[in-house]
2 protein chains.
Amino acid sequence: MEPVSATTAEAKKGERTRSAILDGAVELASAEGLDGLTIGHLAAELRMSKSGLFAHFGSKQELQLATVAAAGERFRIEVIEPALALPPGAERLRAIGNGYLERVNDYAGGCFWFSVTAEYDDRPGPVRDAIAAAMDAWLALIAAEARAAGHEDPDRFAFEFYAAGLGANARFRLSGDRRGFDYARALLERFPGPA
Amino acid sequence: MEPVSATTAEAKKGERTRSAILDGAVELASAEGLDGLTIGHLAAELRMSKSGLFAHFGSKQELQLATVAAAGERFRIEVIEPALALPPGAERLRAIGNGYLERVNDYAGGCFWFSVTAEYDDRPGPVRDAIAAAMDAWLALIAAEARAAGHEDPDRFAFEFYAAGLGANARFRLSGDRRGFDYARALLERFPGPA
DNA sequence: CCTACCGATCGGTAGG
DNA sequence: CCTACCGATCGGTAGG
């Protein structure tokens, strides 16, 4: 009767399913990695058939790339976008940095980026390139805000904050030591920056 | 004729084979993780049969535990032992820290501990416990030397150096940026420590 | 989005 | 240390 409208409704439903799949995929990959993110495991968790899920992506690698993109998009929406309402510099840097640390601290699976960086940093290909691009953008964002905040060496500050985030996540997940989060938060208050 | 002597010779050969297997296992796990360390892949690389290799360990988990222990043992022999000839404090801290950074920089597969921490930090069990114990000992060693060197907050210094090591490895492997190694090395010269 | 299937590889075993 | 296997699971396909 109404083929166009029906098609639109179907497309919407497909989009919702795809989005639900990617939510599960980001969570699963944070804990099990992008290889441990098997199509069978993910399908079982979402109560779908393997082939039904698979049809949304066409290959394991496309699922991995979509998962990396989804993790970046969710981080952008939940942490970065809100902070852009603040003026550039110290205030915004603190909002972004603390927003990131809270997320890492709260998420059940720990930091998605820590997990996938360690997994793919030695394996050339599009998945690694997507992870590297996201991390480059993250460090560039921190450096830009640090520069606006008056840091003498913004690139170095960005590295230190990035490293502190990795370290805090690792220490907390492995040994239950939360002090790394305090050290990382303290970096955001160190102005105008170290010698 | 000489059953005891023959048995001893066989045991020696078994030990050498086991050691060669573990060398390959540490290298493979640095790049592919402890799950990607499959018995078939490792056997093919060493030109052994799967079951011949398997017989040395009895289970995948025992192979993983032996690999973690071997990585720790090799690090202890190559980096820590030589530094113990130096007096405790700044000198020894620099030797250990720089020795670690050189290793991470040089190794083809990157840092074994970075790879396996991200992989197992969310999976309870003996493998994760072994990794956590090794990392706790590593931070405690750095903290003890930092204390002897006069740092005001040795635990914090240990965290900062640990984090800088993770960050330097990640930035270099992902994006080819070696500046993290310079930042980490600079920490070893910052005496008696930050505020 | 499903059922039913494919060849390859996984960890592990039997028996020598 | 080997050959020859096992059931389970992998990514992916056919056909609907």
# chains A, B, ... in the order shown; residues from 1 in each chain; ligands from 1
$ closest_atom_pairs --of "chain D" --to "stretch 38-42 of chain A" --cutoff "10 Å" --atoms "only C-alpha atoms (C1' of nucleotides)" --output "JSON lines"
{"residue": "D:DT9", "atom": "C1'", "partner": "A:Gly40", "partner_atom": "CA", "distance": 8.6}
{"residue": "D:DC10", "atom": "C1'", "partner": "A:Thr38", "partner_atom": "CA", "distance": 8.0}
{"residue": "D:DG11", "atom": "C1'", "partner": "A:Ile39", "partner_atom": "CA", "distance": 8.1}
$ write_last_selection --atoms "all heavy atoms" --output "short mmCIF file (atom, residue, chain, number, x, y, z; two decimals), in the first residue's frame"
data_model
loop_
_atom_site.label_atom_id
_atom_site.label_comp_id
_atom_site.auth_asym_id
_atom_site.auth_seq_id
_atom_site.Cartn_x
_atom_site.Cartn_y
_atom_site.Cartn_z
P DT D 9 30.63 -24.14 22.20
OP1 DT D 9 30.64 -23.44 23.48
OP2 DT D 9 29.36 -24.58 21.55
"O5'" DT D 9 31.38 -23.21 21.15
"C5'" DT D 9 32.69 -22.72 21.44
"C4'" DT D 9 33.25 -22.11 20.19
"O4'" DT D 9 33.41 -23.14 19.19
"C3'" DT D 9 32.32 -21.07 19.55
"O3'" DT D 9 32.95 -19.79 19.65
"C2'" DT D 9 32.18 -21.51 18.10
"C1'" DT D 9 33.33 -22.49 17.94
N1 DT D 9 33.15 -23.53 16.90
C2 DT D 9 34.05 -23.60 15.87
O2 DT D 9 35.00 -22.85 15.77
N3 DT D 9 33.80 -24.59 14.95
C4 DT D 9 32.76 -25.50 14.98
O4 DT D 9 32.64 -26.35 14.10
C5 DT D 9 31.85 -25.37 16.09
C7 DT D 9 30.68 -26.30 16.21
C6 DT D 9 32.08 -24.40 16.98
P DC D 10 32.28 -18.44 19.09
OP1 DC D 10 32.60 -17.42 20.11
OP2 DC D 10 30.88 -18.70 18.69
"O5'" DC D 10 33.13 -18.13 17.79
"C5'" DC D 10 34.54 -18.00 17.90
"C4'" DC D 10 35.18 -18.04 16.53
"O4'" DC D 10 35.11 -19.38 16.01
"C3'" DC D 10 34.47 -17.21 15.47
"O3'" DC D 10 34.92 -15.87 15.56
"C2'" DC D 10 34.93 -17.87 14.19
"C1'" DC D 10 35.08 -19.34 14.59
N1 DC D 10 34.00 -20.25 14.13
C2 DC D 10 34.13 -20.93 12.92
O2 DC D 10 35.13 -20.70 12.21
N3 DC D 10 33.17 -21.79 12.54
C4 DC D 10 32.10 -22.00 13.32
N4 DC D 10 31.18 -22.88 12.93
C5 DC D 10 31.94 -21.30 14.57
C6 DC D 10 32.90 -20.44 14.93
P DG D 11 34.01 -14.70 14.97
OP1 DG D 11 34.63 -13.43 15.43
OP2 DG D 11 32.60 -14.99 15.24
"O5'" DG D 11 34.25 -14.82 13.40
"C5'" DG D 11 35.53 -14.58 12.85
"C4'" DG D 11 35.49 -14.80 11.37
"O4'" DG D 11 34.99 -16.14 11.11
"C3'" DG D 11 34.54 -13.86 10.60
"O3'" DG D 11 35.13 -13.54 9.35
"C2'" DG D 11 33.27 -14.69 10.46
"C1'" DG D 11 33.82 -16.11 10.31
N9 DG D 11 32.89 -17.12 10.80
C8 DG D 11 32.19 -17.11 11.98
N7 DG D 11 31.40 -18.14 12.13
C5 DG D 11 31.60 -18.88 10.99
C6 DG D 11 31.00 -20.11 10.58
O6 DG D 11 30.17 -20.80 11.18
N1 DG D 11 31.47 -20.53 9.34
C2 DG D 11 32.39 -19.85 8.59
N2 DG D 11 32.73 -20.41 7.41
N3 DG D 11 32.96 -18.70 8.95
C4 DG D 11 32.51 -18.28 10.16
#
$ interface_residues --of "chain B" --to "chain D" --cutoff "9 Å" --atoms "only C-alpha atoms (C1' of nucleotides)" --output "list in words"
Met48, Ser49, Ser51, Gly52, Leu53 and Ala55 of chain B
$ residues_around --residues "stretch 62-78 of chain B" --least-positions-apart "5" --cutoff "6 Å" --atoms "only C-alpha atoms (C1' of nucleotides)" --output "compact mmCIF listing (two decimals) with C-alpha atoms, in the first residue's frame"
# COMPACT_ATOMS: atom_id res chain seq x y z
CA LEU B 22 58.59 -19.86 26.25
CA VAL B 26 56.61 -14.24 25.19
CA PHE B 57 52.16 -27.62 29.77
CA VAL B 127 46.39 -15.43 34.86
$ residues_around --residues "A:Gly167" --least-positions-apart "6" --cutoff "9 Å" --atoms "only C-alpha atoms (C1' of nucleotides)" --output "ChimeraX atom specification"
/A:180-181,184 /B:159-160,162-167
$ closest_residue --among "B:Ala146, B:Ala132, B:Leu46, B:Val79" --to "chain A" --atoms "only C-alpha atoms"
B:Ala132
